[in-house]
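To be precise, the following lines are input_22.txt, and they hold compact mmCIF, N, CA and C atoms.
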```
# COMPACT_ATOMS: atom_id res chain seq x y z
N MET A 30 -34.33 -80.83 -123.13
CA MET A 30 -34.81 -79.47 -123.03
C MET A 30 -34.65 -79.02 -121.59
N LEU A 31 -34.13 -77.85 -121.38
CA LEU A 31 -33.95 -77.27 -120.06
C LEU A 31 -35.21 -76.50 -119.67
N VAL A 32 -35.70 -76.73 -118.45
CA VAL A 32 -36.89 -76.04 -117.96
C VAL A 32 -36.58 -75.43 -116.59
N SER A 33 -37.34 -74.39 -116.25
CA SER A 33 -37.21 -73.80 -114.91
C SER A 33 -38.59 -73.33 -114.47
N GLY A 34 -38.79 -73.27 -113.17
CA GLY A 34 -40.07 -72.83 -112.68
C GLY A 34 -40.12 -72.75 -111.17
N ILE A 35 -41.20 -72.14 -110.70
CA ILE A 35 -41.46 -71.98 -109.28
C ILE A 35 -42.75 -72.71 -108.95
N GLY A 36 -42.73 -73.45 -107.86
CA GLY A 36 -43.92 -74.15 -107.42
C GLY A 36 -43.80 -74.55 -105.97
N ARG A 37 -44.74 -75.35 -105.52
CA ARG A 37 -44.73 -75.84 -104.14
C ARG A 37 -44.71 -77.36 -104.15
N LEU A 38 -44.03 -77.92 -103.15
CA LEU A 38 -43.97 -79.37 -103.03
C LEU A 38 -45.33 -79.90 -102.59
N VAL A 39 -45.80 -80.92 -103.27
CA VAL A 39 -47.10 -81.52 -102.99
C VAL A 39 -47.04 -82.43 -101.77
N ARG A 40 -45.88 -83.03 -101.54
CA ARG A 40 -45.67 -83.89 -100.37
C ARG A 40 -44.19 -83.84 -100.00
N ASP A 41 -43.87 -84.40 -98.84
CA ASP A 41 -42.47 -84.48 -98.42
C ASP A 41 -41.67 -85.28 -99.44
N ALA A 42 -40.40 -84.92 -99.61
CA ALA A 42 -39.53 -85.65 -100.53
C ALA A 42 -39.39 -87.10 -100.08
N GLU A 43 -39.36 -88.00 -101.05
CA GLU A 43 -39.16 -89.42 -100.79
C GLU A 43 -37.71 -89.74 -101.11
N GLU A 44 -36.96 -90.22 -100.12
CA GLU A 44 -35.55 -90.53 -100.36
C GLU A 44 -35.38 -92.00 -100.69
N LYS A 45 -34.57 -92.25 -101.71
CA LYS A 45 -34.23 -93.62 -102.10
C LYS A 45 -32.73 -93.69 -102.30
N LYS A 46 -32.17 -94.86 -102.06
CA LYS A 46 -30.76 -95.11 -102.34
C LYS A 46 -30.68 -95.93 -103.62
N VAL A 47 -29.85 -95.48 -104.54
CA VAL A 47 -29.62 -96.19 -105.79
C VAL A 47 -28.12 -96.43 -105.84
N GLY A 48 -27.73 -97.62 -105.37
CA GLY A 48 -26.30 -97.90 -105.23
C GLY A 48 -25.70 -96.97 -104.20
N GLU A 49 -24.67 -96.25 -104.59
CA GLU A 49 -24.02 -95.30 -103.68
C GLU A 49 -24.61 -93.89 -103.78
N TYR A 50 -25.62 -93.72 -104.61
CA TYR A 50 -26.21 -92.40 -104.84
C TYR A 50 -27.51 -92.24 -104.07
N SER A 51 -27.87 -90.98 -103.76
CA SER A 51 -29.16 -90.71 -103.14
C SER A 51 -30.07 -90.06 -104.18
N LEU A 52 -31.34 -90.43 -104.11
CA LEU A 52 -32.34 -89.90 -105.02
C LEU A 52 -33.51 -89.39 -104.20
N ALA A 53 -33.89 -88.14 -104.42
CA ALA A 53 -35.08 -87.59 -103.78
C ALA A 53 -36.15 -87.47 -104.86
N LYS A 54 -37.29 -88.13 -104.63
CA LYS A 54 -38.42 -88.05 -105.55
C LYS A 54 -39.32 -86.92 -105.06
N LEU A 55 -39.62 -85.97 -105.94
CA LEU A 55 -40.43 -84.80 -105.60
C LEU A 55 -41.61 -84.69 -106.56
N VAL A 56 -42.68 -84.07 -106.07
CA VAL A 56 -43.77 -83.66 -106.95
C VAL A 56 -43.99 -82.17 -106.66
N VAL A 57 -43.88 -81.37 -107.72
CA VAL A 57 -44.01 -79.92 -107.60
C VAL A 57 -45.31 -79.50 -108.30
N ALA A 58 -46.10 -78.68 -107.60
CA ALA A 58 -47.34 -78.14 -108.17
C ALA A 58 -47.13 -76.69 -108.55
N HIS A 59 -47.74 -76.33 -109.65
CA HIS A 59 -47.67 -74.94 -110.13
C HIS A 59 -49.07 -74.54 -110.60
N ASN A 60 -49.54 -73.40 -110.15
CA ASN A 60 -50.83 -72.87 -110.60
C ASN A 60 -50.60 -71.85 -111.71
N ARG A 61 -51.51 -71.85 -112.65
CA ARG A 61 -51.50 -70.80 -113.66
C ARG A 61 -52.93 -70.33 -113.84
N ARG A 62 -53.04 -69.09 -114.25
CA ARG A 62 -54.36 -68.52 -114.47
C ARG A 62 -54.75 -68.72 -115.93
N VAL A 63 -55.97 -69.25 -116.15
CA VAL A 63 -56.49 -69.45 -117.49
C VAL A 63 -57.90 -68.86 -117.58
N LYS A 64 -58.24 -68.39 -118.75
CA LYS A 64 -59.57 -67.83 -118.95
C LYS A 64 -60.46 -68.88 -119.59
N ARG A 65 -61.52 -69.25 -118.89
CA ARG A 65 -62.46 -70.26 -119.37
C ARG A 65 -63.86 -69.63 -119.38
N LYS A 66 -64.48 -69.63 -120.52
CA LYS A 66 -65.84 -69.07 -120.67
C LYS A 66 -65.92 -67.66 -120.10
N GLY A 67 -64.89 -66.86 -120.38
CA GLY A 67 -64.90 -65.46 -119.96
C GLY A 67 -64.49 -65.20 -118.52
N GLU A 68 -64.18 -66.26 -117.75
CA GLU A 68 -63.79 -66.07 -116.35
C GLU A 68 -62.40 -66.62 -116.10
N TRP A 69 -61.65 -65.90 -115.28
CA TRP A 69 -60.30 -66.34 -114.92
C TRP A 69 -60.37 -67.35 -113.79
N THR A 70 -59.69 -68.48 -113.96
CA THR A 70 -59.62 -69.51 -112.92
C THR A 70 -58.17 -69.97 -112.78
N LYS A 71 -57.90 -70.65 -111.68
CA LYS A 71 -56.57 -71.23 -111.48
C LYS A 71 -56.61 -72.69 -111.92
N GLU A 72 -55.56 -73.09 -112.60
CA GLU A 72 -55.44 -74.47 -113.06
C GLU A 72 -54.10 -75.01 -112.56
N ALA A 73 -54.13 -76.14 -111.89
CA ALA A 73 -52.91 -76.71 -111.31
C ALA A 73 -52.27 -77.70 -112.27
N SER A 74 -50.94 -77.68 -112.32
CA SER A 74 -50.16 -78.69 -113.04
C SER A 74 -49.21 -79.31 -112.03
N PHE A 75 -48.95 -80.60 -112.20
CA PHE A 75 -48.09 -81.33 -111.27
C PHE A 75 -46.94 -81.95 -112.03
N TYR A 76 -45.72 -81.84 -111.48
CA TYR A 76 -44.52 -82.31 -112.16
C TYR A 76 -43.74 -83.26 -111.26
N ASP A 77 -43.49 -84.48 -111.76
CA ASP A 77 -42.62 -85.43 -111.06
C ASP A 77 -41.19 -85.01 -111.30
N CYS A 78 -40.40 -84.98 -110.24
CA CYS A 78 -39.02 -84.52 -110.32
C CYS A 78 -38.09 -85.49 -109.60
N ASP A 79 -36.91 -85.69 -110.15
CA ASP A 79 -35.85 -86.48 -109.51
C ASP A 79 -34.70 -85.55 -109.18
N LEU A 80 -34.25 -85.61 -107.93
CA LEU A 80 -33.13 -84.80 -107.46
C LEU A 80 -32.05 -85.75 -106.96
N TRP A 81 -30.91 -85.78 -107.65
CA TRP A 81 -29.83 -86.71 -107.33
C TRP A 81 -28.78 -86.06 -106.44
N ASN A 82 -28.31 -86.83 -105.45
CA ASN A 82 -27.14 -86.51 -104.63
C ASN A 82 -27.22 -85.18 -103.89
N LYS A 83 -28.38 -84.89 -103.32
CA LYS A 83 -28.55 -83.71 -102.47
C LYS A 83 -29.18 -84.14 -101.16
N ALA A 84 -28.65 -85.21 -100.56
CA ALA A 84 -29.24 -85.79 -99.35
C ALA A 84 -29.36 -84.77 -98.22
N GLY A 85 -28.45 -83.79 -98.17
CA GLY A 85 -28.50 -82.78 -97.12
C GLY A 85 -29.72 -81.88 -97.21
N LEU A 86 -30.33 -81.80 -98.36
CA LEU A 86 -31.52 -80.96 -98.53
C LEU A 86 -32.81 -81.66 -98.15
N ILE A 87 -32.82 -82.97 -98.13
CA ILE A 87 -34.05 -83.74 -97.94
C ILE A 87 -34.84 -83.33 -96.69
N PRO A 88 -34.20 -83.06 -95.55
CA PRO A 88 -35.00 -82.64 -94.39
C PRO A 88 -35.77 -81.33 -94.61
N TYR A 89 -35.37 -80.51 -95.57
CA TYR A 89 -36.02 -79.24 -95.84
C TYR A 89 -37.08 -79.33 -96.94
N LEU A 90 -37.13 -80.44 -97.64
CA LEU A 90 -38.06 -80.60 -98.75
C LEU A 90 -39.37 -81.17 -98.25
N LYS A 91 -40.16 -80.32 -97.61
CA LYS A 91 -41.42 -80.71 -96.97
C LYS A 91 -42.61 -80.19 -97.76
N LYS A 92 -43.73 -80.87 -97.61
CA LYS A 92 -44.97 -80.47 -98.27
C LYS A 92 -45.26 -78.99 -98.05
N GLY A 93 -45.58 -78.30 -99.12
CA GLY A 93 -45.95 -76.88 -99.04
C GLY A 93 -44.79 -75.92 -99.23
N THR A 94 -43.55 -76.42 -99.19
CA THR A 94 -42.39 -75.54 -99.34
C THR A 94 -42.30 -75.05 -100.77
N GLN A 95 -42.08 -73.75 -100.91
CA GLN A 95 -41.95 -73.15 -102.23
C GLN A 95 -40.52 -73.33 -102.74
N VAL A 96 -40.39 -73.75 -103.99
CA VAL A 96 -39.07 -74.02 -104.57
C VAL A 96 -38.96 -73.42 -105.96
N PHE A 97 -37.72 -73.11 -106.32
CA PHE A 97 -37.36 -72.73 -107.69
C PHE A 97 -36.51 -73.86 -108.22
N ILE A 98 -36.89 -74.44 -109.35
CA ILE A 98 -36.11 -75.55 -109.90
C ILE A 98 -35.67 -75.26 -111.33
N VAL A 99 -34.52 -75.81 -111.67
CA VAL A 99 -34.03 -75.83 -113.04
C VAL A 99 -33.66 -77.27 -113.31
N GLY A 100 -34.08 -77.79 -114.44
CA GLY A 100 -33.77 -79.17 -114.74
C GLY A 100 -33.99 -79.51 -116.20
N GLU A 101 -33.70 -80.75 -116.49
CA GLU A 101 -33.86 -81.25 -117.85
C GLU A 101 -35.14 -82.06 -117.95
N LEU A 102 -35.93 -81.78 -118.97
CA LEU A 102 -37.15 -82.52 -119.22
C LEU A 102 -36.77 -83.85 -119.86
N VAL A 103 -37.24 -84.97 -119.26
CA VAL A 103 -36.83 -86.30 -119.69
C VAL A 103 -38.07 -87.16 -119.91
N GLN A 104 -38.06 -87.92 -121.00
CA GLN A 104 -39.15 -88.87 -121.29
C GLN A 104 -38.80 -90.20 -120.63
N ASP A 105 -39.63 -90.65 -119.71
CA ASP A 105 -39.47 -91.94 -119.03
C ASP A 105 -40.40 -92.93 -119.72
N SER A 106 -39.91 -94.12 -120.08
CA SER A 106 -40.79 -95.10 -120.70
C SER A 106 -40.53 -96.48 -120.13
N TRP A 107 -41.59 -97.31 -120.09
CA TRP A 107 -41.51 -98.66 -119.55
C TRP A 107 -42.69 -99.46 -120.13
N GLU A 108 -42.69 -100.75 -119.84
CA GLU A 108 -43.78 -101.60 -120.29
C GLU A 108 -44.48 -102.19 -119.08
N LYS A 109 -45.82 -102.17 -119.11
CA LYS A 109 -46.61 -102.72 -118.01
C LYS A 109 -47.77 -103.48 -118.62
N ASP A 110 -47.92 -104.74 -118.22
CA ASP A 110 -48.99 -105.60 -118.73
C ASP A 110 -49.00 -105.63 -120.27
N GLY A 111 -47.81 -105.63 -120.86
CA GLY A 111 -47.70 -105.71 -122.31
C GLY A 111 -47.96 -104.41 -123.04
N LYS A 112 -48.23 -103.33 -122.31
CA LYS A 112 -48.51 -102.03 -122.93
C LYS A 112 -47.37 -101.07 -122.63
N LYS A 113 -46.98 -100.31 -123.62
CA LYS A 113 -45.93 -99.31 -123.43
C LYS A 113 -46.52 -98.12 -122.68
N GLN A 114 -45.79 -97.66 -121.67
CA GLN A 114 -46.19 -96.52 -120.85
C GLN A 114 -45.09 -95.46 -120.96
N SER A 115 -45.46 -94.20 -120.76
CA SER A 115 -44.45 -93.15 -120.72
C SER A 115 -44.96 -91.95 -119.94
N ARG A 116 -44.05 -91.12 -119.51
CA ARG A 116 -44.38 -89.88 -118.80
C ARG A 116 -43.19 -88.94 -118.93
N LEU A 117 -43.47 -87.67 -118.75
CA LEU A 117 -42.40 -86.68 -118.70
C LEU A 117 -42.07 -86.42 -117.25
N LYS A 118 -40.81 -86.25 -116.95
CA LYS A 118 -40.38 -85.88 -115.60
C LYS A 118 -39.25 -84.86 -115.73
N ILE A 119 -38.89 -84.27 -114.63
CA ILE A 119 -37.81 -83.30 -114.61
C ILE A 119 -36.65 -83.86 -113.79
N ASP A 120 -35.49 -83.98 -114.40
CA ASP A 120 -34.27 -84.30 -113.67
C ASP A 120 -33.69 -82.97 -113.19
N VAL A 121 -33.82 -82.72 -111.89
CA VAL A 121 -33.47 -81.42 -111.32
C VAL A 121 -31.95 -81.26 -111.25
N GLN A 122 -31.47 -80.16 -111.80
CA GLN A 122 -30.05 -79.82 -111.75
C GLN A 122 -29.77 -78.78 -110.68
N GLN A 123 -30.78 -77.97 -110.37
CA GLN A 123 -30.64 -76.90 -109.39
C GLN A 123 -31.97 -76.74 -108.67
N ILE A 124 -31.91 -76.61 -107.35
CA ILE A 124 -33.13 -76.36 -106.58
C ILE A 124 -32.81 -75.34 -105.50
N ASP A 125 -33.70 -74.37 -105.34
CA ASP A 125 -33.55 -73.35 -104.31
C ASP A 125 -34.83 -73.29 -103.50
N LEU A 126 -34.70 -73.29 -102.19
CA LEU A 126 -35.85 -73.11 -101.31
C LEU A 126 -36.06 -71.61 -101.20
N ILE A 127 -37.20 -71.14 -101.67
CA ILE A 127 -37.41 -69.69 -101.68
C ILE A 127 -38.52 -69.26 -100.74
N GLY A 128 -39.09 -70.19 -100.01
CA GLY A 128 -40.12 -69.83 -99.06
C GLY A 128 -40.48 -71.01 -98.19
N GLY A 129 -41.06 -70.72 -97.04
CA GLY A 129 -41.51 -71.79 -96.16
C GLY A 129 -42.86 -72.29 -96.61
N LYS A 130 -43.47 -73.10 -95.76
CA LYS A 130 -44.82 -73.58 -96.06
C LYS A 130 -45.75 -72.38 -96.08
N LYS A 131 -46.76 -72.44 -96.92
CA LYS A 131 -47.69 -71.34 -97.07
C LYS A 131 -48.38 -70.99 -95.76
N ASP A 132 -48.70 -71.98 -94.94
CA ASP A 132 -49.42 -71.73 -93.69
C ASP A 132 -48.50 -71.65 -92.48
N SER A 133 -47.20 -71.63 -92.70
CA SER A 133 -46.24 -71.63 -91.61
C SER A 133 -45.96 -70.21 -91.14
N ALA A 134 -45.82 -70.04 -89.83
CA ALA A 134 -45.49 -68.72 -89.28
C ALA A 134 -44.04 -68.35 -89.56
N SER A 135 -43.17 -69.33 -89.65
CA SER A 135 -41.77 -69.04 -89.94
C SER A 135 -41.33 -69.85 -91.15
N PRO A 136 -40.60 -69.21 -92.07
CA PRO A 136 -40.18 -69.91 -93.28
C PRO A 136 -39.12 -70.96 -92.99
N ALA A 137 -38.99 -71.90 -93.93
CA ALA A 137 -37.94 -72.92 -93.82
C ALA A 137 -36.58 -72.24 -93.89
N PRO A 138 -35.55 -72.85 -93.29
CA PRO A 138 -34.22 -72.27 -93.39
C PRO A 138 -33.83 -72.10 -94.85
N SER A 139 -33.17 -71.00 -95.14
CA SER A 139 -32.77 -70.73 -96.52
C SER A 139 -31.68 -71.69 -96.95
N LYS A 140 -31.94 -72.42 -98.01
CA LYS A 140 -30.97 -73.34 -98.58
C LYS A 140 -30.83 -72.98 -100.04
N ASN A 141 -29.69 -72.48 -100.43
CA ASN A 141 -29.47 -72.07 -101.80
C ASN A 141 -28.36 -72.93 -102.37
N THR A 142 -28.68 -73.73 -103.39
CA THR A 142 -27.69 -74.66 -103.94
C THR A 142 -27.06 -74.15 -105.22
N SER A 143 -27.40 -72.90 -105.62
CA SER A 143 -26.94 -72.48 -106.93
C SER A 143 -26.59 -71.02 -107.08
N GLY A 144 -26.92 -70.20 -106.12
CA GLY A 144 -26.66 -68.79 -106.27
C GLY A 144 -27.89 -67.99 -106.66
N PHE A 145 -29.06 -68.62 -106.83
CA PHE A 145 -30.29 -67.88 -107.10
C PHE A 145 -30.56 -66.98 -105.91
N SER A 146 -31.04 -65.79 -106.14
CA SER A 146 -31.15 -64.78 -105.09
C SER A 146 -32.16 -65.09 -104.01
N GLY A 147 -33.10 -65.99 -104.24
CA GLY A 147 -34.07 -66.34 -103.21
C GLY A 147 -35.22 -65.37 -103.10
N VAL A 148 -35.53 -64.64 -104.17
CA VAL A 148 -36.66 -63.73 -104.17
C VAL A 148 -37.93 -64.53 -103.99
N SER A 149 -38.80 -64.09 -103.11
CA SER A 149 -40.04 -64.81 -102.85
C SER A 149 -41.12 -64.41 -103.84
N PHE A 150 -41.76 -65.39 -104.46
CA PHE A 150 -42.87 -65.17 -105.37
C PHE A 150 -44.09 -65.84 -104.78
N GLU A 151 -45.25 -65.22 -104.90
CA GLU A 151 -46.48 -65.83 -104.41
C GLU A 151 -46.96 -66.86 -105.41
N ASP A 152 -47.25 -68.06 -104.96
CA ASP A 152 -47.75 -69.13 -105.81
C ASP A 152 -48.57 -70.05 -104.93
N ASP A 153 -49.86 -70.10 -105.15
CA ASP A 153 -50.75 -70.88 -104.30
C ASP A 153 -50.60 -72.36 -104.56
N ILE A 154 -50.59 -73.14 -103.49
CA ILE A 154 -50.64 -74.59 -103.63
C ILE A 154 -52.09 -74.95 -103.93
N PRO A 155 -52.33 -75.91 -104.80
CA PRO A 155 -53.69 -76.14 -105.28
C PRO A 155 -54.63 -76.84 -104.31
N PHE A 156 -54.24 -77.04 -103.07
CA PHE A 156 -55.14 -77.69 -102.11
C PHE A 156 -54.93 -77.13 -100.75
```
Give the structure from the file, written as structure tokens.
Amino acid sequence: MLVSGIGRLVRDAEEKKVGEYSLAKLVVAHNRRVKRKGEWTKEASFYDCDLWNKAGLIPYLKKGTQVFIVGELVQDSWEKDGKKQSRLKIDVQQIDLIGGKKDSASPAPSKNTSGFSGVSFEDDIPF
């Protein structure tokens, strides 16, 4: 399933080498407004993301940076202590930096890997 969304990085990207390939591990937070007991509140969701072979972007993937991502939703499964474990993650196919850190006076350099226009959307980081 293909998914897309806007959120903020929860922490700096973690770079790993897998053979000759580079892998950036990301966690993206997204807030949504929900009505609970008659009152509107913000609820945060967190998404684990894998970004392959974009090593040049890693210095720009810092905590708090706003991003637009498109990727494939993938079921990851493994066994731990004899119990089957699983989680959903996003294999990122496209990522665009659309804003700097929320508390930064100057935005991160614009890095567009796909042609997305880079329109800035307000989205609060949950902490």
Original post:
Leaving out range 54-59 of chain A and any residue of its chain fewer than 6 positions from it, which residues lie within 6.5 Å of it when counting only N, CA and C atoms, given as a list in words?
Top reply: Ile35, Gly36, Arg37, Leu38, Val39, Arg40, Asp41, Ala42, Glu43, Glu44, Lys45, Glu72, Ala73, Ser74, Phe75, Tyr76, Asp77, Cys78, Asp79, Leu80, Ile154 and Pro155 of chain A
List every protein, DNA or RNA residue that has an atom no more than 7 Å from (-31.5, -85.8, -110.5) in the file's coordinate frame, counting only C-alpha atoms, and report them as a compact mmCIF listing (two decimals) with N, CA and C atoms, keeping the file's coordinate frame.
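Saved result, point-v1.txt, follows:
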```txt
# COMPACT_ATOMS: atom_id res chain seq x y z
N LEU A 52 -31.34 -90.43 -104.11
CA LEU A 52 -32.34 -89.90 -105.02
C LEU A 52 -33.51 -89.39 -104.20
N ASP A 79 -36.91 -85.69 -110.15
CA ASP A 79 -35.85 -86.48 -109.51
C ASP A 79 -34.70 -85.55 -109.18
N LEU A 80 -34.25 -85.61 -107.93
CA LEU A 80 -33.13 -84.80 -107.46
C LEU A 80 -32.05 -85.75 -106.96
N TRP A 81 -30.91 -85.78 -107.65
CA TRP A 81 -29.83 -86.71 -107.33
C TRP A 81 -28.78 -86.06 -106.44
N ASP A 120 -35.49 -83.98 -114.40
CA ASP A 120 -34.27 -84.30 -113.67
C ASP A 120 -33.69 -82.97 -113.19
N VAL A 121 -33.82 -82.72 -111.89
CA VAL A 121 -33.47 -81.42 -111.32
C VAL A 121 -31.95 -81.26 -111.25
N GLN A 122 -31.47 -80.16 -111.80
CA GLN A 122 -30.05 -79.82 -111.75
C GLN A 122 -29.77 -78.78 -110.68
```
Subject >> Residue neighbourhood Thr70 in chain A, 10 Å, only C-alpha atoms, exclusion window fewer than 6 positions, as a VMD selection string >> reply: chain A and resid 60 to 64
Quick one: residues within 6 Å of range 82-88 of chain A, all atoms listed in the file, excluding same-chain residues fewer than 4 positions away - as a tab-separated table (two decimals) with N, CA and C atoms, keeping the file's coordinate frame?
```tsv
chain	number	residue	atom	x	y	z
A	50	TYR	N	-25.62	-93.72	-104.61
A	50	TYR	CA	-26.21	-92.40	-104.84
A	50	TYR	C	-27.51	-92.24	-104.07
A	51	SER	N	-27.87	-90.98	-103.76
A	51	SER	CA	-29.16	-90.71	-103.14
A	51	SER	C	-30.07	-90.06	-104.18
A	52	LEU	N	-31.34	-90.43	-104.11
A	52	LEU	CA	-32.34	-89.90	-105.02
A	52	LEU	C	-33.51	-89.39	-104.20
A	53	ALA	N	-33.89	-88.14	-104.42
A	53	ALA	CA	-35.08	-87.59	-103.78
A	53	ALA	C	-36.15	-87.47	-104.86
```
Original post:
Between CA of Lys118 in chain A and atom C of Ser106 in chain A, what is the spacing in Å?
Top reply: 11.5 Å
Subject >> Nearest to Leu117 in chain A by atom-to-atom distance, counting only C-alpha atoms, from A:Arg65, A:Gly93, A:Met30, A:Ile98 >> reply: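 Looking only at the distances to Leu117 in chain A, the closest residue turns out to be A:Met30.
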Original post:
Out of A:Val96, A:Leu90, A:Val47, A:Leu31, which residue has the shortest atom-to-atom distance to Ile119 in chain A when counting only C-alpha atoms?
Top reply: A:Leu31
Subject >> Computed interatomic separation between atom C of Lys112 in chain A and atom N of Ser33 in chain A (Å) >> reply: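 Separating atom C of Lys112 in chain A from atom N of Ser33 in chain A is a distance of 29.2 Å.
Counting only N, CA and C atoms and comparing A:Trp107, A:Glu101, A:Thr94, A:Gly48, the residue that lies closest to Gly128 in chain A is A:Thr94.
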Subject >> helix (DSSP H, G or I) per DSSP on the backbone: members of range 34-145 of chain A, as number ranges by chain >> reply: A: 84-89
Subject >> Straight-line distance linking atom C of Ser115 in chain A with CA of Val103 in chain A, stated in Å to one decimal >> reply: 9.9 Å
